[in-house]
file upload.txt (compact mmCIF, N, CA and C atoms)
# COMPACT_ATOMS: atom_id res chain seq x y z
N MET A 19 3.79 -29.30 76.24
CA MET A 19 3.60 -30.28 75.21
C MET A 19 4.73 -31.28 75.28
N LEU A 20 4.39 -32.54 75.14
CA LEU A 20 5.38 -33.60 75.08
C LEU A 20 5.55 -33.98 73.61
N TYR A 21 6.78 -34.07 73.16
CA TYR A 21 7.04 -34.39 71.76
C TYR A 21 8.13 -35.44 71.68
N ASP A 22 8.16 -36.18 70.60
CA ASP A 22 9.16 -37.22 70.39
C ASP A 22 10.44 -36.57 69.88
N ALA A 23 11.45 -36.53 70.70
CA ALA A 23 12.71 -35.88 70.34
C ALA A 23 13.52 -36.68 69.33
N GLN A 24 13.10 -37.90 69.01
CA GLN A 24 13.78 -38.71 68.01
C GLN A 24 13.15 -38.57 66.63
N CYS A 25 12.07 -37.84 66.53
CA CYS A 25 11.33 -37.68 65.29
C CYS A 25 11.68 -36.32 64.66
N SER A 26 12.21 -36.35 63.44
CA SER A 26 12.62 -35.09 62.82
C SER A 26 11.44 -34.15 62.62
N LEU A 27 10.28 -34.67 62.28
CA LEU A 27 9.09 -33.83 62.12
C LEU A 27 8.70 -33.20 63.45
N CYS A 28 8.70 -33.99 64.51
CA CYS A 28 8.34 -33.48 65.84
C CYS A 28 9.30 -32.39 66.30
N VAL A 29 10.58 -32.59 66.05
CA VAL A 29 11.59 -31.59 66.43
C VAL A 29 11.40 -30.32 65.59
N HIS A 30 11.11 -30.48 64.31
CA HIS A 30 10.85 -29.33 63.46
C HIS A 30 9.64 -28.54 63.98
N VAL A 31 8.56 -29.25 64.30
CA VAL A 31 7.36 -28.59 64.82
C VAL A 31 7.68 -27.91 66.15
N ARG A 32 8.48 -28.53 66.99
CA ARG A 32 8.89 -27.91 68.26
C ARG A 32 9.58 -26.58 67.99
N HIS A 33 10.55 -26.58 67.06
CA HIS A 33 11.26 -25.34 66.75
C HIS A 33 10.30 -24.29 66.18
N TRP A 34 9.39 -24.72 65.33
CA TRP A 34 8.40 -23.79 64.77
C TRP A 34 7.53 -23.20 65.87
N LEU A 35 7.04 -24.03 66.78
CA LEU A 35 6.21 -23.54 67.89
C LEU A 35 6.96 -22.53 68.75
N MET A 36 8.23 -22.78 69.00
CA MET A 36 9.00 -21.89 69.86
C MET A 36 9.23 -20.53 69.21
N LYS A 37 9.18 -20.45 67.88
CA LYS A 37 9.37 -19.18 67.18
C LYS A 37 8.09 -18.35 67.10
N GLN A 38 6.95 -18.95 67.39
CA GLN A 38 5.68 -18.25 67.27
C GLN A 38 5.42 -17.39 68.51
N ARG A 39 4.67 -16.30 68.32
CA ARG A 39 4.26 -15.50 69.48
C ARG A 39 3.18 -16.29 70.22
N GLN A 40 3.42 -16.53 71.49
CA GLN A 40 2.54 -17.37 72.30
C GLN A 40 1.67 -16.51 73.20
N LEU A 41 0.36 -16.75 73.12
CA LEU A 41 -0.58 -16.11 74.05
C LEU A 41 -0.61 -16.87 75.36
N VAL A 42 -0.36 -18.15 75.27
CA VAL A 42 -0.24 -19.03 76.43
C VAL A 42 1.13 -19.69 76.30
N PRO A 43 1.99 -19.55 77.30
CA PRO A 43 3.34 -20.11 77.19
C PRO A 43 3.32 -21.62 76.98
N LEU A 44 4.08 -22.07 76.00
CA LEU A 44 4.24 -23.49 75.74
C LEU A 44 5.58 -23.94 76.31
N ASP A 45 5.55 -25.02 77.04
CA ASP A 45 6.76 -25.62 77.57
C ASP A 45 6.88 -26.97 76.88
N LEU A 46 7.86 -27.12 76.02
CA LEU A 46 8.00 -28.34 75.22
C LEU A 46 9.04 -29.25 75.85
N VAL A 47 8.61 -30.45 76.20
CA VAL A 47 9.44 -31.41 76.93
C VAL A 47 9.50 -32.70 76.11
N PRO A 48 10.69 -33.30 75.97
CA PRO A 48 10.76 -34.57 75.27
C PRO A 48 9.91 -35.64 75.96
N ALA A 49 9.10 -36.33 75.17
CA ALA A 49 8.25 -37.39 75.70
C ALA A 49 9.09 -38.51 76.28
N ALA A 50 8.62 -39.09 77.35
CA ALA A 50 9.26 -40.22 78.03
C ALA A 50 10.65 -39.91 78.57
N SER A 51 11.02 -38.63 78.62
CA SER A 51 12.33 -38.25 79.15
C SER A 51 12.28 -38.25 80.68
N ALA A 52 13.44 -38.16 81.29
CA ALA A 52 13.50 -38.07 82.75
C ALA A 52 12.72 -36.85 83.24
N GLU A 53 12.81 -35.74 82.50
CA GLU A 53 12.09 -34.53 82.88
C GLU A 53 10.58 -34.75 82.80
N ALA A 54 10.10 -35.40 81.76
CA ALA A 54 8.67 -35.68 81.63
C ALA A 54 8.20 -36.60 82.76
N ARG A 55 8.99 -37.59 83.08
CA ARG A 55 8.62 -38.52 84.17
C ARG A 55 8.62 -37.81 85.53
N ARG A 56 9.55 -36.88 85.71
CA ARG A 56 9.59 -36.12 86.96
C ARG A 56 8.36 -35.23 87.09
N ARG A 57 8.03 -34.51 85.99
CA ARG A 57 6.90 -33.57 86.03
C ARG A 57 5.54 -34.25 86.10
N PHE A 58 5.41 -35.38 85.41
CA PHE A 58 4.11 -36.05 85.27
C PHE A 58 4.25 -37.52 85.64
N PRO A 59 4.45 -37.84 86.92
CA PRO A 59 4.73 -39.22 87.32
C PRO A 59 3.59 -40.21 87.04
N GLY A 60 2.37 -39.76 87.00
CA GLY A 60 1.24 -40.68 86.78
C GLY A 60 0.85 -40.86 85.33
N LEU A 61 1.57 -40.23 84.42
CA LEU A 61 1.23 -40.25 83.00
C LEU A 61 1.71 -41.53 82.33
N ASP A 62 0.98 -42.01 81.33
CA ASP A 62 1.40 -43.14 80.52
C ASP A 62 2.47 -42.63 79.55
N HIS A 63 3.72 -42.74 79.94
CA HIS A 63 4.80 -42.16 79.15
C HIS A 63 5.04 -42.91 77.84
N ALA A 64 4.80 -44.20 77.82
CA ALA A 64 4.92 -44.93 76.55
C ALA A 64 3.88 -44.40 75.56
N GLY A 65 2.70 -44.08 76.03
CA GLY A 65 1.65 -43.54 75.19
C GLY A 65 1.99 -42.18 74.62
N THR A 66 2.78 -41.40 75.35
CA THR A 66 3.15 -40.06 74.86
C THR A 66 4.11 -40.14 73.68
N LEU A 67 4.76 -41.28 73.50
CA LEU A 67 5.64 -41.46 72.35
C LEU A 67 4.86 -41.84 71.10
N SER A 68 3.64 -42.32 71.27
CA SER A 68 2.87 -42.73 70.10
C SER A 68 1.83 -41.70 69.69
N GLU A 69 1.58 -40.72 70.55
CA GLU A 69 0.55 -39.73 70.23
C GLU A 69 0.90 -38.39 70.88
N ILE A 70 0.79 -37.30 70.09
CA ILE A 70 1.07 -35.98 70.64
C ILE A 70 0.22 -35.77 71.89
N THR A 71 0.85 -35.27 72.94
CA THR A 71 0.19 -35.11 74.23
C THR A 71 0.50 -33.71 74.77
N VAL A 72 -0.54 -33.04 75.23
CA VAL A 72 -0.40 -31.73 75.86
C VAL A 72 -1.00 -31.83 77.26
N ILE A 73 -0.27 -31.32 78.24
CA ILE A 73 -0.76 -31.27 79.62
C ILE A 73 -1.10 -29.81 79.90
N GLY A 74 -2.35 -29.56 80.24
CA GLY A 74 -2.79 -28.20 80.55
C GLY A 74 -2.30 -27.74 81.90
N ASP A 75 -2.44 -26.44 82.16
CA ASP A 75 -1.95 -25.87 83.42
C ASP A 75 -2.72 -26.37 84.63
N ARG A 76 -3.87 -26.97 84.42
CA ARG A 76 -4.64 -27.54 85.53
C ARG A 76 -4.61 -29.07 85.52
N GLY A 77 -3.67 -29.63 84.74
CA GLY A 77 -3.51 -31.08 84.69
C GLY A 77 -4.36 -31.77 83.63
N GLN A 78 -5.08 -31.00 82.80
CA GLN A 78 -5.86 -31.62 81.74
C GLN A 78 -4.91 -32.32 80.77
N ILE A 79 -5.35 -33.45 80.22
CA ILE A 79 -4.54 -34.18 79.26
C ILE A 79 -5.26 -34.16 77.91
N PHE A 80 -4.57 -33.63 76.91
CA PHE A 80 -5.09 -33.58 75.54
C PHE A 80 -4.20 -34.47 74.70
N ARG A 81 -4.80 -35.31 73.87
CA ARG A 81 -4.04 -36.21 73.00
C ARG A 81 -4.48 -36.05 71.56
N GLY A 82 -3.59 -36.37 70.64
CA GLY A 82 -3.94 -36.42 69.23
C GLY A 82 -4.44 -35.10 68.69
N THR A 83 -5.57 -35.16 68.01
CA THR A 83 -6.15 -33.98 67.36
C THR A 83 -6.38 -32.85 68.35
N SER A 84 -6.94 -33.17 69.50
CA SER A 84 -7.21 -32.13 70.50
C SER A 84 -5.92 -31.47 70.98
N ALA A 85 -4.86 -32.25 71.10
CA ALA A 85 -3.57 -31.69 71.54
C ALA A 85 -3.04 -30.70 70.50
N TRP A 86 -3.15 -31.05 69.22
CA TRP A 86 -2.66 -30.15 68.18
C TRP A 86 -3.48 -28.86 68.16
N ILE A 87 -4.79 -28.97 68.33
CA ILE A 87 -5.65 -27.78 68.36
C ILE A 87 -5.28 -26.90 69.54
N VAL A 88 -5.00 -27.49 70.69
CA VAL A 88 -4.60 -26.72 71.87
C VAL A 88 -3.29 -25.98 71.61
N CYS A 89 -2.34 -26.63 70.94
CA CYS A 89 -1.07 -25.96 70.62
C CYS A 89 -1.32 -24.75 69.73
N LEU A 90 -2.14 -24.91 68.71
CA LEU A 90 -2.44 -23.78 67.82
C LEU A 90 -3.18 -22.68 68.57
N TRP A 91 -4.08 -23.06 69.49
CA TRP A 91 -4.85 -22.09 70.27
C TRP A 91 -3.93 -21.22 71.12
N ALA A 92 -2.80 -21.77 71.53
CA ALA A 92 -1.86 -21.02 72.37
C ALA A 92 -1.10 -19.95 71.59
N LEU A 93 -1.15 -20.01 70.26
CA LEU A 93 -0.37 -19.11 69.42
C LEU A 93 -1.19 -17.93 68.93
N ALA A 94 -0.61 -16.75 69.02
CA ALA A 94 -1.32 -15.53 68.62
C ALA A 94 -1.79 -15.58 67.17
N GLY A 95 -0.95 -16.05 66.29
CA GLY A 95 -1.29 -16.05 64.88
C GLY A 95 -2.17 -17.19 64.42
N HIS A 96 -2.49 -18.11 65.32
CA HIS A 96 -3.24 -19.30 64.92
C HIS A 96 -4.47 -19.58 65.77
N ARG A 97 -4.75 -18.70 66.72
CA ARG A 97 -5.91 -18.94 67.58
C ARG A 97 -7.22 -19.00 66.79
N PRO A 98 -7.48 -18.08 65.85
CA PRO A 98 -8.73 -18.19 65.08
C PRO A 98 -8.83 -19.52 64.32
N LYS A 99 -7.71 -19.98 63.77
CA LYS A 99 -7.69 -21.26 63.07
C LYS A 99 -8.00 -22.40 64.04
N ALA A 100 -7.46 -22.32 65.25
CA ALA A 100 -7.72 -23.36 66.26
C ALA A 100 -9.20 -23.40 66.62
N HIS A 101 -9.81 -22.23 66.75
CA HIS A 101 -11.24 -22.19 67.05
C HIS A 101 -12.03 -22.90 65.96
N TRP A 102 -11.67 -22.63 64.68
CA TRP A 102 -12.37 -23.26 63.57
C TRP A 102 -12.11 -24.77 63.54
N LEU A 103 -10.85 -25.18 63.78
CA LEU A 103 -10.51 -26.60 63.76
C LEU A 103 -11.24 -27.38 64.86
N ALA A 104 -11.64 -26.71 65.91
CA ALA A 104 -12.36 -27.36 67.00
C ALA A 104 -13.85 -27.55 66.71
N THR A 105 -14.34 -26.95 65.62
CA THR A 105 -15.76 -27.08 65.26
C THR A 105 -16.00 -28.39 64.52
N PRO A 106 -17.26 -28.81 64.43
CA PRO A 106 -17.56 -30.01 63.65
C PRO A 106 -17.10 -29.90 62.19
N ALA A 107 -17.13 -28.71 61.62
CA ALA A 107 -16.69 -28.53 60.23
C ALA A 107 -15.17 -28.61 60.11
N GLY A 108 -14.45 -28.11 61.10
CA GLY A 108 -13.00 -28.04 61.02
C GLY A 108 -12.28 -29.27 61.56
N ARG A 109 -12.90 -29.97 62.46
CA ARG A 109 -12.23 -31.10 63.12
C ARG A 109 -11.71 -32.16 62.14
N PRO A 110 -12.44 -32.50 61.07
CA PRO A 110 -11.88 -33.48 60.14
C PRO A 110 -10.56 -33.02 59.50
N PHE A 111 -10.41 -31.73 59.29
CA PHE A 111 -9.16 -31.21 58.74
C PHE A 111 -8.03 -31.33 59.77
N ALA A 112 -8.33 -31.05 61.01
CA ALA A 112 -7.33 -31.19 62.07
C ALA A 112 -6.94 -32.66 62.21
N ARG A 113 -7.93 -33.54 62.18
CA ARG A 113 -7.67 -34.98 62.31
C ARG A 113 -6.80 -35.48 61.14
N ALA A 114 -7.11 -35.03 59.93
CA ALA A 114 -6.33 -35.44 58.77
C ALA A 114 -4.88 -34.98 58.90
N SER A 115 -4.65 -33.78 59.42
CA SER A 115 -3.30 -33.28 59.62
C SER A 115 -2.54 -34.13 60.63
N VAL A 116 -3.21 -34.47 61.72
CA VAL A 116 -2.56 -35.27 62.76
C VAL A 116 -2.27 -36.68 62.22
N LEU A 117 -3.20 -37.25 61.47
CA LEU A 117 -2.97 -38.59 60.90
C LEU A 117 -1.83 -38.58 59.90
N ALA A 118 -1.75 -37.53 59.07
CA ALA A 118 -0.64 -37.43 58.11
C ALA A 118 0.70 -37.33 58.85
N ALA A 119 0.73 -36.52 59.89
CA ALA A 119 1.97 -36.39 60.68
C ALA A 119 2.33 -37.72 61.34
N ALA A 120 1.34 -38.42 61.86
CA ALA A 120 1.59 -39.71 62.52
C ALA A 120 2.11 -40.74 61.52
N THR A 121 1.57 -40.72 60.33
CA THR A 121 2.04 -41.65 59.29
C THR A 121 3.49 -41.36 58.94
N TYR A 122 3.81 -40.09 58.75
CA TYR A 122 5.19 -39.70 58.45
C TYR A 122 6.10 -40.10 59.60
N ARG A 123 5.67 -39.80 60.81
CA ARG A 123 6.47 -40.08 62.00
C ARG A 123 6.74 -41.57 62.13
N SER A 124 5.72 -42.39 61.95
CA SER A 124 5.92 -43.84 62.11
C SER A 124 6.87 -44.40 61.07
N ALA A 125 6.94 -43.74 59.91
CA ALA A 125 7.83 -44.20 58.86
C ALA A 125 9.27 -43.73 59.05
N THR A 126 9.48 -42.68 59.82
CA THR A 126 10.81 -42.08 59.91
C THR A 126 11.44 -42.05 61.30
N ALA A 127 10.66 -42.11 62.35
CA ALA A 127 11.21 -41.91 63.70
C ALA A 127 11.80 -43.20 64.26
N ALA A 128 12.95 -43.06 64.86
CA ALA A 128 13.56 -44.17 65.58
C ALA A 128 12.98 -44.20 66.99
N PRO A 129 12.89 -45.36 67.60
CA PRO A 129 12.40 -45.41 68.98
C PRO A 129 13.38 -44.76 69.93
N CYS A 130 12.91 -44.44 71.11
CA CYS A 130 13.79 -43.84 72.12
C CYS A 130 14.82 -44.87 72.56
N GLY A 131 15.86 -44.36 73.18
CA GLY A 131 16.98 -45.20 73.59
C GLY A 131 16.57 -46.35 74.49
N PRO A 132 16.98 -47.58 74.17
CA PRO A 132 16.59 -48.73 74.98
C PRO A 132 17.29 -48.79 76.33
N GLU A 133 18.45 -48.12 76.44
CA GLU A 133 19.20 -48.23 77.69
C GLU A 133 18.48 -47.60 78.87
N ASP A 134 17.86 -46.45 78.70
CA ASP A 134 17.17 -45.82 79.82
C ASP A 134 15.78 -45.31 79.42
N GLY A 135 15.38 -45.54 78.19
CA GLY A 135 14.06 -45.09 77.73
C GLY A 135 13.98 -43.60 77.46
N ALA A 136 15.09 -42.90 77.63
CA ALA A 136 15.06 -41.44 77.47
C ALA A 136 15.29 -41.05 76.02
N CYS A 137 14.59 -40.02 75.61
CA CYS A 137 14.77 -39.47 74.27
C CYS A 137 15.76 -38.32 74.36
N ARG A 138 16.63 -38.24 73.39
CA ARG A 138 17.60 -37.15 73.34
C ARG A 138 17.15 -36.16 72.27
N ILE A 139 17.35 -34.90 72.53
CA ILE A 139 17.01 -33.88 71.54
C ILE A 139 18.17 -33.76 70.57
N PRO A 140 17.92 -34.06 69.28
CA PRO A 140 19.00 -33.89 68.32
C PRO A 140 19.32 -32.42 68.10
N ALA A 141 20.50 -32.16 67.59
CA ALA A 141 20.88 -30.77 67.27
C ALA A 141 19.91 -30.24 66.21
N PRO A 142 19.52 -28.97 66.32
CA PRO A 142 18.61 -28.43 65.31
C PRO A 142 19.25 -28.46 63.94
N GLY A 143 18.43 -28.83 62.96
CA GLY A 143 18.89 -28.84 61.57
C GLY A 143 18.63 -27.47 60.96
N PRO A 144 18.83 -27.36 59.66
CA PRO A 144 18.55 -26.08 59.01
C PRO A 144 17.07 -25.73 59.12
N ASP A 145 16.80 -24.45 59.26
CA ASP A 145 15.42 -24.00 59.39
C ASP A 145 14.75 -24.08 58.02
N ILE A 146 13.63 -24.79 58.01
CA ILE A 146 12.86 -24.93 56.77
C ILE A 146 11.52 -24.27 57.01
N GLY A 147 11.19 -23.31 56.26
CA GLY A 147 9.90 -22.61 56.45
C GLY A 147 9.99 -21.67 57.62
N GLY A 148 8.83 -21.28 58.11
CA GLY A 148 8.88 -20.32 59.21
C GLY A 148 7.60 -20.15 59.74
call {"tool": "encode", "arguments": {"input": "upload.txt", "output": "structure tokens"}}
result
Amino acid sequence: MLYDAQCSLCVHVRHWLMKQRQLVPLDLVPAASAEARRRFPGLDHAGTLSEITVIGDRGQIFRGTSAWIVCLWALAGHRPKAHWLATPAGRPFARASVLAAATYRSATAAPCGPEDGACRIPAPGPDIGG
């Protein structure tokens, strides 16, 4: 998963994901970072800063709502919820969650560094929730 390392919400979600039991290993990489560019040279890296992006193990690209559902699907405690969110009945709830997060993010996140375009991971703050 590529996440915006300058966004406090994104960093919080990253920490939360890393604490969950994973059925499918998640590798969380700062979006538009040197590491992301090295791993995925053909990817629209500017686009990964504006929308959650997950790269599957076979190179599949998931963005937005689908990316969030894939992240939940990888987690032992949230796979049933991910299955439901992927249905026609559940998808509007997943979309609303992603839109709410995007709205918060756009209001609070600073852009990545202009000098090299790389995002830096801030030091983890206090753990909120679990």
call {"tool": "select_by_dssp", "arguments": {"input": "upload.txt", "residues": "chain A", "states": "strand (DSSP E)", "output": "VMD selection string"}}
result
chain A and resid 20 to 21 47 to 48 71 to 73 79 to 81
call {"tool": "atom_distance", "arguments": {"input": "upload.txt", "atom1": "atom C of His30 of chain A", "atom2": "atom CA of Arg113 of chain A"}}
result
18.5 Å
call {"tool": "residues_around", "arguments": {"input": "upload.txt", "residues": "segment 90-100 of chain A", "least_positions_apart": "5", "cutoff": "7 Å", "atoms": "only C-alpha atoms", "output": "list in words"}}
result
Gln38, Arg39, Gln40, Leu41 and Val42 of chain A
call {"tool": "write_last_selection", "arguments": {"input": "upload.txt", "atoms": "N, CA and C atoms", "output": "PDB file, keeping the file's coordinate frame"}}
result
ATOM      1  N   GLN A  38       6.950 -18.950  67.390  1.00  0.00           N
ATOM      2  CA  GLN A  38       5.680 -18.250  67.270  1.00  0.00           C
ATOM      3  C   GLN A  38       5.420 -17.390  68.510  1.00  0.00           C
ATOM      4  N   ARG A  39       4.670 -16.300  68.320  1.00  0.00           N
ATOM      5  CA  ARG A  39       4.260 -15.500  69.480  1.00  0.00           C
ATOM      6  C   ARG A  39       3.180 -16.290  70.220  1.00  0.00           C
ATOM      7  N   GLN A  40       3.420 -16.530  71.490  1.00  0.00           N
ATOM      8  CA  GLN A  40       2.540 -17.370  72.300  1.00  0.00           C
ATOM      9  C   GLN A  40       1.670 -16.510  73.200  1.00  0.00           C
ATOM     10  N   LEU A  41       0.360 -16.750  73.120  1.00  0.00           N
ATOM     11  CA  LEU A  41      -0.580 -16.110  74.050  1.00  0.00           C
ATOM     12  C   LEU A  41      -0.610 -16.870  75.360  1.00  0.00           C
ATOM     13  N   VAL A  42      -0.360 -18.150  75.270  1.00  0.00           N
ATOM     14  CA  VAL A  42      -0.240 -19.030  76.430  1.00  0.00           C
ATOM     15  C   VAL A  42       1.130 -19.690  76.300  1.00  0.00           C
TER      16      VAL A  42
END
call {"tool": "atom_distance", "arguments": {"input": "upload.txt", "atom1": "atom CA of Ser124 of chain A", "atom2": "atom CA of Ile79 of chain A"}}
result
22.3 Å
call {"tool": "closest_residue", "arguments": {"input": "upload.txt", "among": "A:Gly74, A:Val88, A:Ala23, A:His101", "to": "Ala50 of chain A", "atoms": "only C-alpha atoms"}}
result
A:Ala23
call {"tool": "closest_residue", "arguments": {"input": "upload.txt", "among": "A:Leu27, A:Ala125, A:Ala104, A:Met19", "to": "Thr71 of chain A", "atoms": "only N, CA and C atoms"}}
result
A:Met19
call {"tool": "atom_distance", "arguments": {"input": "upload.txt", "atom1": "atom CA of Phe58 of chain A", "atom2": "atom CA of Leu35 of chain A"}}
result
21.5 Å
call {"tool": "closest_residue", "arguments": {"input": "upload.txt", "among": "A:Lys37, A:Arg123, A:Arg55, A:Arg81", "to": "Glu69 of chain A", "atoms": "all atoms listed in the file"}}
result
A:Arg81
call {"tool": "residues_around", "arguments": {"input": "upload.txt", "residues": "Cys28 of chain A", "least_positions_apart": "4", "cutoff": "12 Å", "atoms": "only C-alpha atoms", "output": "PyMOL selection string"}}
result
chain A and resi 19-24+32-35+46-49+67-71+86+116+119-120+122-124+126-128+139-140+142
call {"tool": "select_by_dssp", "arguments": {"input": "upload.txt", "residues": "chain A", "states": "helix (DSSP H, G or I)", "output": "JSON, numbers by chain"}}
result
{"A": [26, 27, 28, 29, 30, 31, 32, 33, 34, 35, 36, 37, 52, 53, 54, 55, 56, 57, 63, 64, 65, 66, 67, 68, 82, 83, 84, 85, 86, 87, 88, 89, 90, 91, 97, 98, 99, 100, 101, 102, 103, 109, 110, 111, 112, 113, 114, 115, 116, 117, 118, 119, 120, 121, 122, 123, 124, 125, 126]}
call {"tool": "closest_residue", "arguments": {"input": "upload.txt", "among": "A:Ser115, A:Thr105, A:Gly60, A:Ser51", "to": "Gly77 of chain A", "atoms": "only C-alpha atoms"}}
result
A:Gly60
call {"tool": "residues_around", "arguments": {"input": "upload.txt", "residues": "Leu103 of chain A", "least_positions_apart": "5", "cutoff": "6 Å", "atoms": "only N, CA and C atoms", "output": "JSON, numbers by chain"}}
result
{"A": [108, 109, 112]}
call {"tool": "write_last_selection", "arguments": {"input": "upload.txt", "atoms": "N, CA and C atoms", "output": "CSV table (one decimal), in the coordinates of the input"}}
result
chain,number,residue,atom,x,y,z
A,108,GLY,N,-14.4,-28.1,61.1
A,108,GLY,CA,-13.0,-28.0,61.0
A,108,GLY,C,-12.3,-29.3,61.6
A,109,ARG,N,-12.9,-30.0,62.5
A,109,ARG,CA,-12.2,-31.1,63.1
A,109,ARG,C,-11.7,-32.2,62.1
A,112,ALA,N,-8.3,-31.0,61.0
A,112,ALA,CA,-7.3,-31.2,62.1
A,112,ALA,C,-6.9,-32.7,62.2
call {"tool": "axis_aligned_box", "arguments": {"input": "upload.txt", "around": "segment 100-116 of chain A", "padding_each_side": "8 Å", "output": "AutoDock Vina command-line options"}}
result
--center_x -9.9 --center_y -29.4 --center_z 62.9 --size_x 31.3 --size_y 30.5 --size_z 24.3
